[in-house]
>>> print(open('my_file-v1.tsv').read())   # TSV, C-alpha atoms and all ligand atoms
chain	number	residue	atom	x	y	z
A	1	MET	CA	-54.47	61.96	-14.65
A	2	ALA	CA	-53.23	60.50	-17.93
A	3	SER	CA	-54.37	56.93	-18.50
A	4	PRO	CA	-51.58	54.35	-18.22
A	5	LEU	CA	-49.69	53.47	-21.36
A	6	THR	CA	-50.64	50.22	-23.09
A	7	ASN	CA	-47.79	47.71	-23.10
A	8	LEU	CA	-47.97	46.34	-26.65
A	9	TYR	CA	-46.34	43.07	-25.57
A	10	GLY	CA	-49.38	42.32	-23.42
A	11	LEU	CA	-51.73	42.25	-26.42
A	12	THR	CA	-52.61	39.24	-28.55
A	13	ARG	CA	-52.48	39.78	-32.31
A	14	ILE	CA	-56.27	40.21	-32.37
A	15	GLU	CA	-56.14	42.74	-29.53
A	16	LEU	CA	-53.38	44.71	-31.27
A	17	GLU	CA	-55.49	44.77	-34.41
A	18	GLY	CA	-58.41	46.06	-32.31
A	19	LEU	CA	-56.21	48.85	-30.91
A	20	VAL	CA	-55.04	49.98	-34.35
A	21	THR	CA	-58.40	49.74	-36.10
A	22	GLY	CA	-59.97	51.51	-33.10
A	23	TRP	CA	-57.79	54.48	-34.06
A	24	GLU	CA	-59.30	54.24	-37.56
A	25	LEU	CA	-56.14	52.90	-39.11
A	26	SER	CA	-55.99	49.86	-41.37
A	27	ARG	CA	-55.41	46.38	-39.97
A	28	VAL	CA	-52.58	46.09	-42.50
A	29	HIS	CA	-50.62	48.45	-40.26
A	30	ALA	CA	-51.39	46.28	-37.24
A	31	ALA	CA	-49.91	43.30	-39.07
A	32	ARG	CA	-46.78	45.32	-39.90
A	33	LEU	CA	-46.51	46.46	-36.28
A	34	TRP	CA	-46.77	42.84	-35.07
A	35	LYS	CA	-43.84	41.95	-37.33
A	36	TYR	CA	-41.78	44.82	-35.98
A	37	LEU	CA	-42.49	43.58	-32.45
A	38	TYR	CA	-41.81	39.88	-32.88
A	39	LEU	CA	-40.00	39.19	-36.16
A	40	GLU	CA	-37.68	42.18	-36.19
A	41	GLY	CA	-37.39	42.96	-32.49
A	42	THR	CA	-37.59	46.71	-33.18
A	43	ASP	CA	-37.27	48.59	-29.92
A	44	THR	CA	-38.43	52.15	-30.70
A	45	PHE	CA	-41.52	53.46	-32.47
A	46	ALA	CA	-39.31	55.89	-34.39
A	47	ALA	CA	-37.53	52.97	-36.06
A	48	MET	CA	-40.83	51.55	-37.34
A	49	ASP	CA	-40.58	53.67	-40.47
A	50	GLU	CA	-42.97	51.65	-42.57
A	51	LEU	CA	-45.84	52.64	-40.27
A	52	PRO	CA	-47.79	55.83	-41.05
A	53	VAL	CA	-46.63	58.83	-39.04
A	54	ARG	CA	-50.12	59.16	-37.53
A	55	LEU	CA	-49.90	55.64	-36.10
A	56	ARG	CA	-46.39	56.17	-34.79
A	57	SER	CA	-47.32	59.37	-32.98
A	58	ARG	CA	-50.42	57.73	-31.49
A	59	LEU	CA	-48.22	54.87	-30.27
A	60	GLU	CA	-45.71	57.32	-28.79
A	61	GLU	CA	-48.54	58.95	-26.84
A	62	GLU	CA	-50.47	55.91	-25.67
A	63	ALA	CA	-48.30	52.81	-25.82
A	64	THR	CA	-44.97	51.42	-24.66
A	65	LEU	CA	-42.62	48.69	-25.81
A	66	GLY	CA	-42.38	46.59	-22.73
A	67	HIS	CA	-41.19	48.96	-19.99
A	68	LEU	CA	-38.16	46.78	-19.14
A	69	MET	CA	-34.92	48.61	-18.41
A	70	ILE	CA	-31.67	46.71	-17.97
A	71	ALA	CA	-30.52	47.62	-14.47
A	72	ARG	CA	-27.59	45.21	-14.50
A	73	GLU	CA	-26.16	42.54	-16.79
A	74	THR	CA	-23.85	39.78	-15.53
A	75	HIS	CA	-22.00	37.13	-17.53
A	76	SER	CA	-20.90	33.80	-16.06
A	77	GLY	CA	-17.22	32.93	-16.17
A	78	ASP	CA	-17.76	30.02	-18.56
A	79	GLY	CA	-19.65	32.22	-21.06
A	80	PHE	CA	-22.71	30.00	-21.08
A	81	THR	CA	-25.04	32.11	-18.95
A	82	ARG	CA	-26.07	35.76	-18.81
A	83	LYS	CA	-28.28	37.21	-16.13
A	84	TYR	CA	-30.31	40.39	-16.56
A	85	LEU	CA	-31.68	42.44	-13.70
A	86	LEU	CA	-34.64	44.19	-15.29
A	87	ALA	CA	-36.50	47.16	-13.84
A	88	LEU	CA	-40.27	47.29	-14.35
A	89	SER	CA	-42.24	50.50	-14.88
A	90	ASP	CA	-43.04	50.71	-11.14
A	91	ALA	CA	-39.34	50.27	-10.28
A	92	HIS	CA	-39.74	46.73	-8.95
A	93	ARG	CA	-37.11	44.45	-10.38
A	94	ILE	CA	-36.96	40.91	-11.74
A	95	GLU	CA	-34.30	38.63	-13.13
A	96	THR	CA	-34.20	36.88	-16.49
A	97	VAL	CA	-31.50	34.42	-17.50
A	98	LEU	CA	-30.18	33.54	-20.95
A	99	MET	CA	-28.59	30.10	-21.18
A	100	ARG	CA	-26.62	28.89	-24.17
A	101	TYR	CA	-25.59	25.34	-23.52
A	102	THR	CA	-26.45	21.88	-24.79
A	103	GLY	CA	-26.53	23.36	-28.28
A	104	ARG	CA	-29.52	25.62	-27.80
A	105	THR	CA	-30.64	28.95	-26.47
A	106	THR	CA	-33.03	29.02	-23.56
A	107	ALA	CA	-34.52	31.92	-21.63
A	108	CYS	CA	-35.40	31.40	-17.98
A	109	ILE	CA	-38.27	33.76	-17.35
A	110	SER	CA	-39.90	35.15	-14.22
A	111	SER	CA	-43.65	35.18	-13.61
A	112	GLN	CA	-43.85	37.24	-10.39
A	113	VAL	CA	-41.87	39.77	-8.36
A	114	GLY	CA	-40.84	37.46	-5.52
A	115	CYS	CA	-42.92	34.42	-4.62
A	116	ALA	CA	-45.56	33.62	-2.02
A	117	MET	CA	-44.76	29.91	-1.74
A	118	GLY	CA	-41.87	30.16	0.70
A	119	CYS	CA	-39.81	27.08	-0.24
A	120	VAL	CA	-37.07	27.15	2.38
A	121	PHE	CA	-34.09	26.68	0.07
A	122	CYS	CA	-35.15	29.14	-2.64
A	123	ALA	CA	-33.85	32.73	-2.75
A	124	THR	CA	-37.05	33.95	-4.43
A	125	GLY	CA	-39.13	32.31	-1.70
A	126	GLN	CA	-36.88	33.89	0.92
A	127	MET	CA	-37.64	37.39	-0.43
A	128	GLY	CA	-41.44	36.99	-0.17
A	129	TYR	CA	-44.15	38.04	-2.60
A	130	THR	CA	-44.56	41.53	-4.06
A	131	ARG	CA	-46.82	41.19	-7.11
A	132	HIS	CA	-47.78	39.23	-10.22
A	133	LEU	CA	-46.18	40.16	-13.52
A	134	THR	CA	-48.50	41.16	-16.34
A	135	ALA	CA	-48.61	39.13	-19.57
A	136	GLY	CA	-46.75	42.00	-21.23
A	137	GLU	CA	-43.95	41.91	-18.67
A	138	ILE	CA	-43.58	38.16	-19.18
A	139	VAL	CA	-43.52	38.44	-22.99
A	140	ALA	CA	-41.12	41.39	-22.83
A	141	GLN	CA	-38.52	39.21	-21.07
A	142	ALA	CA	-38.53	36.74	-23.98
A	143	VAL	CA	-38.35	39.57	-26.50
A	144	HIS	CA	-35.44	41.06	-24.57
A	145	VAL	CA	-33.48	37.79	-24.74
A	146	ASP	CA	-34.33	37.33	-28.41
A	147	ARG	CA	-33.08	40.86	-29.08
A	148	VAL	CA	-29.81	40.13	-27.28
A	149	LEU	CA	-29.27	37.11	-29.52
A	150	ARG	CA	-30.17	39.04	-32.65
A	151	ARG	CA	-27.85	41.96	-31.76
A	152	THR	CA	-24.91	39.65	-31.23
A	153	LEU	CA	-25.45	38.40	-34.75
A	154	GLU	CA	-25.81	41.90	-36.23
A	155	GLU	CA	-22.68	43.12	-34.46
A	156	SER	CA	-20.54	40.23	-35.67
A	157	PRO	CA	-22.14	38.40	-38.62
A	158	ALA	CA	-18.85	36.75	-39.50
A	159	LEU	CA	-18.87	34.83	-36.24
A	160	ALA	CA	-22.12	33.12	-37.08
A	161	GLU	CA	-20.49	31.79	-40.23
A	162	THR	CA	-17.21	30.73	-38.72
A	163	ASP	CA	-17.76	29.35	-35.27
A	164	HIS	CA	-20.64	27.12	-34.37
A	165	THR	CA	-19.06	25.43	-31.40
A	166	SER	CA	-18.10	28.11	-28.91
A	167	PRO	CA	-20.89	29.19	-26.59
A	168	HIS	CA	-19.68	32.79	-26.96
A	169	HIS	CA	-20.22	32.72	-30.67
A	170	ARG	CA	-23.51	30.94	-31.08
A	171	HIS	CA	-26.20	33.19	-32.44
A	172	GLU	CA	-29.52	31.49	-32.76
A	173	ARG	CA	-32.87	33.09	-32.23
A	174	LEU	CA	-34.61	32.27	-28.98
A	175	ARG	CA	-36.28	28.90	-29.30
A	176	ASN	CA	-36.77	27.56	-25.76
A	177	ILE	CA	-38.29	29.04	-22.66
A	178	VAL	CA	-38.41	27.73	-19.13
A	179	LEU	CA	-40.86	29.36	-16.74
A	180	MET	CA	-38.47	28.68	-13.88
A	181	GLY	CA	-37.40	32.18	-12.93
A	182	MET	CA	-38.77	34.17	-10.03
A	183	GLY	CA	-42.28	33.24	-8.95
A	184	GLU	CA	-44.84	30.48	-9.16
A	185	PRO	CA	-46.34	30.52	-12.67
A	186	LEU	CA	-49.57	28.71	-11.77
A	187	HIS	CA	-50.22	31.31	-9.04
A	188	ASN	CA	-50.40	33.84	-11.92
A	189	TYR	CA	-52.23	31.54	-14.33
A	190	ASP	CA	-54.06	33.95	-16.64
A	191	ALA	CA	-51.11	36.26	-17.32
A	192	VAL	CA	-48.72	33.34	-17.86
A	193	MET	CA	-51.00	31.54	-20.30
A	194	LYS	CA	-51.74	34.73	-22.22
A	195	ALA	CA	-48.00	35.37	-22.50
A	196	VAL	CA	-47.43	31.83	-23.77
A	197	ASP	CA	-50.18	32.27	-26.37
A	198	ILE	CA	-48.60	35.52	-27.59
A	199	LEU	CA	-45.12	33.96	-27.81
A	200	CYS	CA	-46.45	30.95	-29.71
A	201	ASP	CA	-48.40	33.00	-32.28
A	202	GLY	CA	-47.24	31.66	-35.64
A	203	ALA	CA	-47.22	35.11	-37.25
A	204	GLY	CA	-44.88	36.43	-34.55
A	205	MET	CA	-42.22	34.81	-32.41
A	206	GLY	CA	-43.72	31.44	-33.33
A	207	LEU	CA	-42.28	29.45	-30.45
A	208	GLY	CA	-43.36	25.82	-30.28
A	209	ALA	CA	-45.53	25.23	-27.20
A	210	LYS	CA	-43.54	22.06	-26.57
A	211	LYS	CA	-40.36	24.18	-26.37
A	212	ILE	CA	-41.80	25.94	-23.33
A	213	THR	CA	-41.53	24.28	-19.92
A	214	LEU	CA	-43.63	25.46	-17.01
A	215	SER	CA	-42.36	24.49	-13.58
A	216	THR	CA	-44.81	24.51	-10.67
A	217	VAL	CA	-44.45	23.99	-6.94
A	218	GLY	CA	-47.59	21.86	-7.24
A	219	VAL	CA	-50.59	24.18	-7.49
A	220	VAL	CA	-53.23	21.45	-7.88
A	221	PRO	CA	-56.08	23.54	-9.39
A	222	GLY	CA	-53.63	24.99	-11.94
A	223	ILE	CA	-52.47	21.54	-13.06
A	224	ILE	CA	-56.09	20.43	-13.50
A	225	ARG	CA	-56.95	23.59	-15.43
A	226	MET	CA	-53.92	23.18	-17.73
A	227	THR	CA	-55.07	19.65	-18.46
A	228	ASP	CA	-58.67	20.67	-19.14
A	229	GLU	CA	-57.45	23.43	-21.45
A	230	LYS	CA	-55.10	20.95	-23.18
A	231	ARG	CA	-52.13	23.27	-22.73
A	232	GLN	CA	-49.32	21.87	-24.88
A	233	MET	CA	-46.26	23.18	-23.02
A	234	CYS	CA	-44.11	20.75	-21.01
A	235	LEU	CA	-44.93	20.44	-17.34
A	236	ALA	CA	-42.40	20.15	-14.52
A	237	VAL	CA	-43.52	19.58	-10.93
A	238	SER	CA	-41.28	20.32	-7.94
A	239	LEU	CA	-41.42	17.31	-5.64
A	240	HIS	CA	-38.39	17.42	-3.27
A	241	GLY	CA	-40.03	15.07	-0.73
A	242	ALA	CA	-41.80	11.74	-1.33
A	243	THR	CA	-43.94	11.76	1.83
A	244	GLN	CA	-46.33	14.50	2.88
A	245	ALA	CA	-44.31	15.32	6.02
A	246	GLU	CA	-40.91	15.42	4.30
A	247	ARG	CA	-42.23	17.48	1.41
A	248	ALA	CA	-44.11	19.97	3.61
A	249	ALA	CA	-40.92	20.63	5.60
A	250	LEU	CA	-39.22	21.96	2.45
A	251	VAL	CA	-42.23	23.17	0.45
A	252	PRO	CA	-44.81	24.90	2.70
A	253	ALA	CA	-47.31	25.01	-0.19
A	254	ALA	CA	-47.68	21.24	0.33
A	255	ARG	CA	-49.87	22.02	3.36
A	256	LYS	CA	-52.39	23.64	1.04
A	257	TRP	CA	-52.05	21.07	-1.75
A	258	PRO	CA	-51.08	17.78	-0.07
A	259	LEU	CA	-49.03	15.12	-1.81
A	260	ASP	CA	-51.99	12.78	-2.42
A	261	ALA	CA	-54.00	15.49	-4.17
A	262	LEU	CA	-50.92	16.54	-6.14
A	263	MET	CA	-50.27	13.00	-7.36
A	264	ASP	CA	-53.94	12.64	-8.35
A	265	ALA	CA	-53.69	15.86	-10.39
A	266	CYS	CA	-50.43	14.64	-11.99
A	267	ARG	CA	-52.00	11.32	-12.97
A	268	TYR	CA	-54.99	13.21	-14.39
A	269	TYR	CA	-52.54	15.22	-16.52
A	270	THR	CA	-50.41	12.31	-17.76
A	271	THR	CA	-53.45	10.18	-18.57
A	272	LYS	CA	-55.58	12.84	-20.25
A	273	MET	CA	-52.71	14.51	-22.10
A	274	ASP	CA	-50.74	11.33	-22.76
A	275	ARG	CA	-47.66	13.35	-21.85
A	276	ARG	CA	-44.96	12.81	-19.28
A	277	ILE	CA	-44.23	15.06	-16.33
A	278	PHE	CA	-40.74	16.12	-15.30
A	279	PHE	CA	-40.47	15.84	-11.53
A	280	GLU	CA	-37.83	18.12	-10.03
A	281	TRP	CA	-35.92	17.04	-6.96
A	282	THR	CA	-33.43	19.40	-5.34
A	283	LEU	CA	-30.72	17.17	-3.87
A	284	ILE	CA	-29.72	18.33	-0.39
A	285	GLU	CA	-26.91	16.46	1.28
A	286	GLY	CA	-28.07	14.27	4.15
A	287	LYS	CA	-31.62	15.58	3.87
A	288	ASN	CA	-33.33	14.03	0.87
A	289	ASP	CA	-30.55	12.33	-1.07
A	290	GLY	CA	-30.35	8.92	0.60
A	291	PRO	CA	-31.34	5.48	-0.76
A	292	ASP	CA	-34.53	5.45	1.34
A	293	GLN	CA	-35.78	8.63	-0.29
A	294	ALA	CA	-34.83	7.36	-3.74
A	295	HIS	CA	-36.87	4.19	-3.14
A	296	ALA	CA	-39.78	6.30	-1.89
A	297	VAL	CA	-39.68	8.43	-5.07
A	298	GLY	CA	-39.48	5.25	-7.14
A	299	ALA	CA	-42.52	3.74	-5.43
A	300	LEU	CA	-44.46	7.01	-5.73
A	301	LEU	CA	-43.86	7.52	-9.46
A	302	GLN	CA	-43.59	3.92	-10.66
A	303	GLY	CA	-45.82	3.25	-13.66
A	304	MET	CA	-46.34	6.95	-14.44
A	305	GLN	CA	-45.08	8.73	-17.52
A	306	ALA	CA	-42.41	10.55	-15.57
A	307	GLN	CA	-38.83	11.71	-15.69
A	308	VAL	CA	-36.96	12.92	-12.62
A	309	ASN	CA	-34.68	15.96	-12.87
A	310	LEU	CA	-32.24	16.02	-9.97
A	311	ILE	CA	-30.90	19.49	-9.11
A	312	PRO	CA	-27.96	19.60	-6.69
A	313	LEU	CA	-28.79	22.39	-4.20
A	314	ASN	CA	-27.53	25.82	-5.19
A	315	PRO	CA	-26.41	28.10	-2.38
A	316	THR	CA	-28.75	30.83	-1.12
A	317	SER	CA	-28.20	33.17	1.82
A	318	GLY	CA	-31.24	31.98	3.79
A	319	TYR	CA	-30.58	28.23	3.81
A	320	ALA	CA	-27.62	26.38	5.23
A	321	GLY	CA	-27.91	23.04	3.36
A	322	LEU	CA	-25.26	21.67	1.04
A	323	PRO	CA	-25.55	20.10	-2.42
A	324	SER	CA	-25.29	16.31	-2.63
A	325	HIS	CA	-22.06	14.71	-3.77
A	326	THR	CA	-21.89	13.36	-7.31
A	327	LEU	CA	-21.81	9.81	-6.00
A	328	ALA	CA	-25.01	10.27	-4.00
A	329	ALA	CA	-26.71	11.67	-7.09
A	330	LYS	CA	-25.51	8.71	-9.13
A	331	ARG	CA	-26.76	6.23	-6.54
A	332	PHE	CA	-30.14	8.04	-6.48
A	333	GLN	CA	-30.37	7.69	-10.25
A	334	GLU	CA	-29.55	3.98	-10.16
A	335	ILE	CA	-32.33	3.32	-7.66
A	336	LEU	CA	-34.82	5.29	-9.76
A	337	ALA	CA	-33.78	3.31	-12.83
A	338	GLY	CA	-34.71	0.14	-10.92
A	339	TYR	CA	-38.29	1.47	-10.87
A	340	GLY	CA	-38.19	2.15	-14.60
A	341	LEU	CA	-37.80	5.91	-14.06
A	342	PRO	CA	-35.42	7.88	-16.30
A	343	SER	CA	-33.57	10.72	-14.61
A	344	THR	CA	-31.03	13.45	-15.28
A	345	VAL	CA	-28.79	15.51	-13.03
A	346	ARG	CA	-29.03	19.18	-13.98
A	347	GLN	CA	-25.71	20.75	-14.95
A	348	ARG	CA	-24.59	23.40	-12.50
A	349	ARG	CA	-24.26	26.52	-14.61
A	350	GLY	CA	-24.35	30.20	-13.80
A	351	ILE	CA	-23.79	29.58	-10.08
A	352	ASP	CA	-20.94	32.13	-10.02
A	353	ILE	CA	-23.40	34.89	-10.98
A	354	GLY	CA	-26.32	33.65	-8.85
A	355	ALA	CA	-28.26	32.54	-11.93
A	356	GLY	CA	-28.75	28.89	-10.96
A	357	CYS	CA	-32.10	27.32	-10.03
A	358	GLY	CA	-33.53	28.98	-6.96
A	359	GLN	CA	-30.89	31.71	-6.79
A	360	LEU	CA	-32.87	34.51	-8.38
A	361	ALA	CA	-33.73	37.30	-5.98
A	362	VAL	CA	-33.55	41.06	-5.82
A	363	ALA	CA	-33.38	43.37	-2.85
A	364	GLU	CA	-36.76	45.12	-2.54
A	401	LIG	N1	-41.84	28.23	-8.80
A	401	LIG	C1	-41.54	27.17	-9.68
A	401	LIG	C2	-40.42	27.44	-10.63
A	401	LIG	C3	-39.19	28.15	-10.14
A	401	LIG	S1	-37.88	27.32	-9.41
A	401	LIG	C4	-41.25	25.91	-8.88
A	401	LIG	O1	-41.02	25.99	-7.70
A	401	LIG	O2	-41.29	24.85	-9.49
A	401	LIG	C5	-37.30	26.05	-10.48
A	401	LIG	C6	-36.81	24.83	-9.71
A	401	LIG	O3	-35.65	25.13	-8.91
A	401	LIG	C7	-37.84	24.26	-8.75
A	401	LIG	O4	-37.89	22.86	-8.85
A	401	LIG	C8	-37.30	24.67	-7.40
A	401	LIG	O5	-37.77	23.88	-6.36
A	401	LIG	C9	-35.82	24.55	-7.63
A	401	LIG	N2	-35.01	25.26	-6.64
A	401	LIG	C10	-35.38	26.30	-5.86
A	401	LIG	N3	-34.36	26.69	-5.08
A	401	LIG	C11	-33.30	25.90	-5.39
A	401	LIG	C12	-31.93	25.84	-4.94
A	401	LIG	N4	-31.47	26.68	-4.03
A	401	LIG	N5	-31.15	24.90	-5.49
A	401	LIG	C13	-31.60	24.06	-6.43
A	401	LIG	N6	-32.87	24.08	-6.91
A	401	LIG	C14	-33.71	25.00	-6.39
A	402	LIG	FE1	-41.53	30.04	-5.33
A	402	LIG	FE2	-40.61	28.05	-6.86
A	402	LIG	FE3	-38.98	29.37	-5.20
A	402	LIG	FE4	-40.82	27.71	-4.23
A	402	LIG	S1	-39.06	27.15	-5.52
A	402	LIG	S2	-40.36	29.75	-3.44
A	402	LIG	S3	-42.49	28.06	-5.64
A	402	LIG	S4	-40.02	30.21	-6.95
>>> encode(input="my_file-v1.tsv", output="structure tokens")
Amino acid sequence: MASPLTNLYGLTRIELEGLVTGWELSRVHAARLWKYLYLEGTDTFAAMDELPVRLRSRLEEEATLGHLMIARETHSGDGFTRKYLLALSDAHRIETVLMRYTGRTTACISSQVGCAMGCVFCATGQMGYTRHLTAGEIVAQAVHVDRVLRRTLEESPALAETDHTSPHHRHERLRNIVLMGMGEPLHNYDAVMKAVDILCDGAGMGLGAKKITLSTVGVVPGIIRMTDEKRQMCLAVSLHGATQAERAALVPAARKWPLDALMDACRYYTTKMDRRIFFEWTLIEGKNDGPDQAHAVGALLQGMQAQVNLIPLNPTSGYAGLPSHTLAAKRFQEILAGYGLPSTVRQRRGIDIGAGCGQLAVAE
């Protein structure tokens, strides 16, 4: 049987150099190839015409450029959000979202096919776990979004000059990533961190680590490992309940990593890194949006370097709850402010195309 093709997006720059020099070709060609991959977004080997023919034919035989096929593309009515259903080489599918609001471009990237954590209100949790994504499949999602942005510019260069305000006509390169798509990134630690390292490589895509936000359900060993490795991306932790019992009812993973242990790990992170944590709180009407819960969150996080991101519940087929009213969210914020905690309410975007937080899912 032929050996599987090497996904070039899963290789660090050093590993790519090793591949090329292992074929007895100069490392200069590896450097050129890296630029094609990350600076120029070239999507076929044939178009890499500055590479020697021998290298291109070897690549054709033994390597691939990411495997991702666009199975479906959906645009939100307001023009701010695009969702891509992407097929992997084994025909499993994932979703990646491009967001263009608040003056910047952000890709929301998946780390797994499905998710094993089973949060009751999350469409990905409702579909269950299929498999981890490889580093190459994670990187390829960012490259895909970057290519979309680049193409828009190539197709209509005049627009970039003339209109900087409309979301339809904004053509930056990809600069921000949130690991908030399908899956639990700290459950797939090695692949996720390798992907982040590849995307941050200064000779390639060159993303700033601080422009990448990793959101976790609260995988305690992963938070400790990130701290020990001094990982520079931003950290978001999904809280949703301020007591062990209330949290475990929404987030089953809390039974494995209880609230006390999670808060210890969070304090370890904020102290050792001298960085804040974004705590996410999905606001569900009548469930966790009352003044009592807001006071409990305040008491839990008081004195920490923390910001609370409130996310009004987005609809999913497997959960009957409703999003909180604007007034309840406002009241929640006021109470948090009394504890010295800054907070934001996440804008509801992309809901019409099922691209909001927790809405990503594919039929397996
Ligand atoms: N697995 C990671 C990241 C993916 S989800 C995590 O759980 O943190 C990103 C955020 O959206 C999480 O805070 C998650 O709890 C939240 N979320 C999930 N389902 C949601 C829904 N239906 N409405 C609003 N937020 C949701
Ligand atoms: Fe998984 Fe996050 Fe969804 Fe929970 S909220 S099921 S951890 S993707």
>>> residues_near_ligand(input="my_file-v1.tsv", ligand="ligand LIG 402 (chain A)", cutoff="9 Å", atoms="all atoms listed in the file", output="NGL selection string")
:A and (110 or 112 or 114-129 or 180-185 or 215-218 or 238 or 250-253 or 357-360)
>>> axis_aligned_box(input="my_file-v1.tsv", around="ligand LIG 401 (chain A)", padding_each_side="3 Å", output="lines of an AutoDock Vina configuration file")
center_x = -36.5
center_y = 25.5
center_z = -7.3
size_x = 16.7
size_y = 11.4
size_z = 12.6
>>> closest_residue(input="my_file-v1.tsv", among="A:Arg247, A:Arg231, A:Lys211, A:Arg104", to="ligand LIG 401 (chain A)", atoms="all atoms listed in the file")
A:Arg247
>>> residues_around(input="my_file-v1.tsv", residues="Asp201 in chain A", least_positions_apart="3", cutoff="12 Å", atoms="only C-alpha atoms", output="number ranges by chain")
A: 11-14, 34-35, 38-39, 139, 194-198, 204-209
>>> write_last_selection(input="my_file-v1.tsv", atoms="C-alpha atoms", output="mmCIF file, in the coordinates of the input")
data_model
loop_
_atom_site.group_PDB
_atom_site.id
_atom_site.type_symbol
_atom_site.label_atom_id
_atom_site.label_comp_id
_atom_site.auth_asym_id
_atom_site.auth_seq_id
_atom_site.Cartn_x
_atom_site.Cartn_y
_atom_site.Cartn_z
ATOM 1 C CA LEU A 11 -51.730 42.250 -26.420
ATOM 2 C CA THR A 12 -52.610 39.240 -28.550
ATOM 3 C CA ARG A 13 -52.480 39.780 -32.310
ATOM 4 C CA ILE A 14 -56.270 40.210 -32.370
ATOM 5 C CA TRP A 34 -46.770 42.840 -35.070
ATOM 6 C CA LYS A 35 -43.840 41.950 -37.330
ATOM 7 C CA TYR A 38 -41.810 39.880 -32.880
ATOM 8 C CA LEU A 39 -40.000 39.190 -36.160
ATOM 9 C CA VAL A 139 -43.520 38.440 -22.990
ATOM 10 C CA LYS A 194 -51.740 34.730 -22.220
ATOM 11 C CA ALA A 195 -48.000 35.370 -22.500
ATOM 12 C CA VAL A 196 -47.430 31.830 -23.770
ATOM 13 C CA ASP A 197 -50.180 32.270 -26.370
ATOM 14 C CA ILE A 198 -48.600 35.520 -27.590
ATOM 15 C CA GLY A 204 -44.880 36.430 -34.550
ATOM 16 C CA MET A 205 -42.220 34.810 -32.410
ATOM 17 C CA GLY A 206 -43.720 31.440 -33.330
ATOM 18 C CA LEU A 207 -42.280 29.450 -30.450
ATOM 19 C CA GLY A 208 -43.360 25.820 -30.280
ATOM 20 C CA ALA A 209 -45.530 25.230 -27.200
#
>>> residues_near_point(input="my_file-v1.tsv", point="(-48.1, 39.2, -12.8)", cutoff="7 Å", atoms="all atoms listed in the file", output="ChimeraX atom specification")
/A:111-112,131-135,188,191
>>> atom_distance(input="my_file-v1.tsv", atom1="CA of Val97 in chain A", atom2="CA of Gly66 in chain A")
17.1 Å
>>> atom_distance(input="my_file-v1.tsv", atom1="CA of Asp289 in chain A", atom2="CA of Ile353 in chain A")
25.7 Å
>>> residues_around(input="my_file-v1.tsv", residues="range 266-271 of chain A", least_positions_apart="3", cutoff="9 Å", atoms="all atoms listed in the file", output="list in words")
Val220, Ile223, Ile224, Met226, Thr227, Asp228, Val237, Ala261, Leu262, Met263, Asp274, Arg275, Arg276, Ile277, Met304, Gln305 and Ala306 of chain A
>>> closest_residue(input="my_file-v1.tsv", among="A:Leu283, A:Met193, A:Ala71, A:Cys200", to="ligand LIG 401 (chain A)", atoms="all atoms listed in the file")
A:Leu283
>>> build_atoms(input="my_file-v1.tsv", residues="range 317-324 of chain A", atoms="N, CA, C and O atoms", output="PDB file, in the coordinates of the input")
ATOM      1  N   SER A 317     -28.625  32.630   0.528  1.00  0.00           N
ATOM      2  CA  SER A 317     -28.200  33.170   1.820  1.00  0.00           C
ATOM      3  C   SER A 317     -29.069  32.669   2.972  1.00  0.00           C
ATOM      4  O   SER A 317     -28.614  32.563   4.100  1.00  0.00           O
ATOM      5  N   GLY A 318     -30.329  32.316   2.694  1.00  0.00           N
ATOM      6  CA  GLY A 318     -31.240  31.980   3.790  1.00  0.00           C
ATOM      7  C   GLY A 318     -31.326  30.506   4.131  1.00  0.00           C
ATOM      8  O   GLY A 318     -32.192  30.107   4.928  1.00  0.00           O
ATOM      9  N   TYR A 319     -30.472  29.665   3.547  1.00  0.00           N
ATOM     10  CA  TYR A 319     -30.580  28.230   3.810  1.00  0.00           C
ATOM     11  C   TYR A 319     -29.193  27.612   3.910  1.00  0.00           C
ATOM     12  O   TYR A 319     -28.359  27.810   3.017  1.00  0.00           O
ATOM     13  N   ALA A 320     -28.983  26.840   4.951  1.00  0.00           N
ATOM     14  CA  ALA A 320     -27.620  26.380   5.230  1.00  0.00           C
ATOM     15  C   ALA A 320     -27.258  25.043   4.580  1.00  0.00           C
ATOM     16  O   ALA A 320     -26.116  24.613   4.692  1.00  0.00           O
ATOM     17  N   GLY A 321     -28.191  24.384   3.903  1.00  0.00           N
ATOM     18  CA  GLY A 321     -27.910  23.040   3.360  1.00  0.00           C
ATOM     19  C   GLY A 321     -26.801  23.038   2.321  1.00  0.00           C
ATOM     20  O   GLY A 321     -26.404  24.081   1.796  1.00  0.00           O
ATOM     21  N   LEU A 322     -26.317  21.828   2.035  1.00  0.00           N
ATOM     22  CA  LEU A 322     -25.260  21.670   1.040  1.00  0.00           C
ATOM     23  C   LEU A 322     -25.749  20.792  -0.111  1.00  0.00           C
ATOM     24  O   LEU A 322     -26.633  19.940   0.081  1.00  0.00           O
ATOM     25  N   PRO A 323     -25.162  20.966  -1.303  1.00  0.00           N
ATOM     26  CA  PRO A 323     -25.550  20.100  -2.420  1.00  0.00           C
ATOM     27  C   PRO A 323     -25.037  18.673  -2.204  1.00  0.00           C
ATOM     28  O   PRO A 323     -24.011  18.476  -1.549  1.00  0.00           O
ATOM     29  N   SER A 324     -25.738  17.701  -2.746  1.00  0.00           N
ATOM     30  CA  SER A 324     -25.290  16.310  -2.630  1.00  0.00           C
ATOM     31  C   SER A 324     -24.027  16.085  -3.429  1.00  0.00           C
ATOM     32  O   SER A 324     -23.777  16.772  -4.415  1.00  0.00           O
TER      33      SER A 324
END
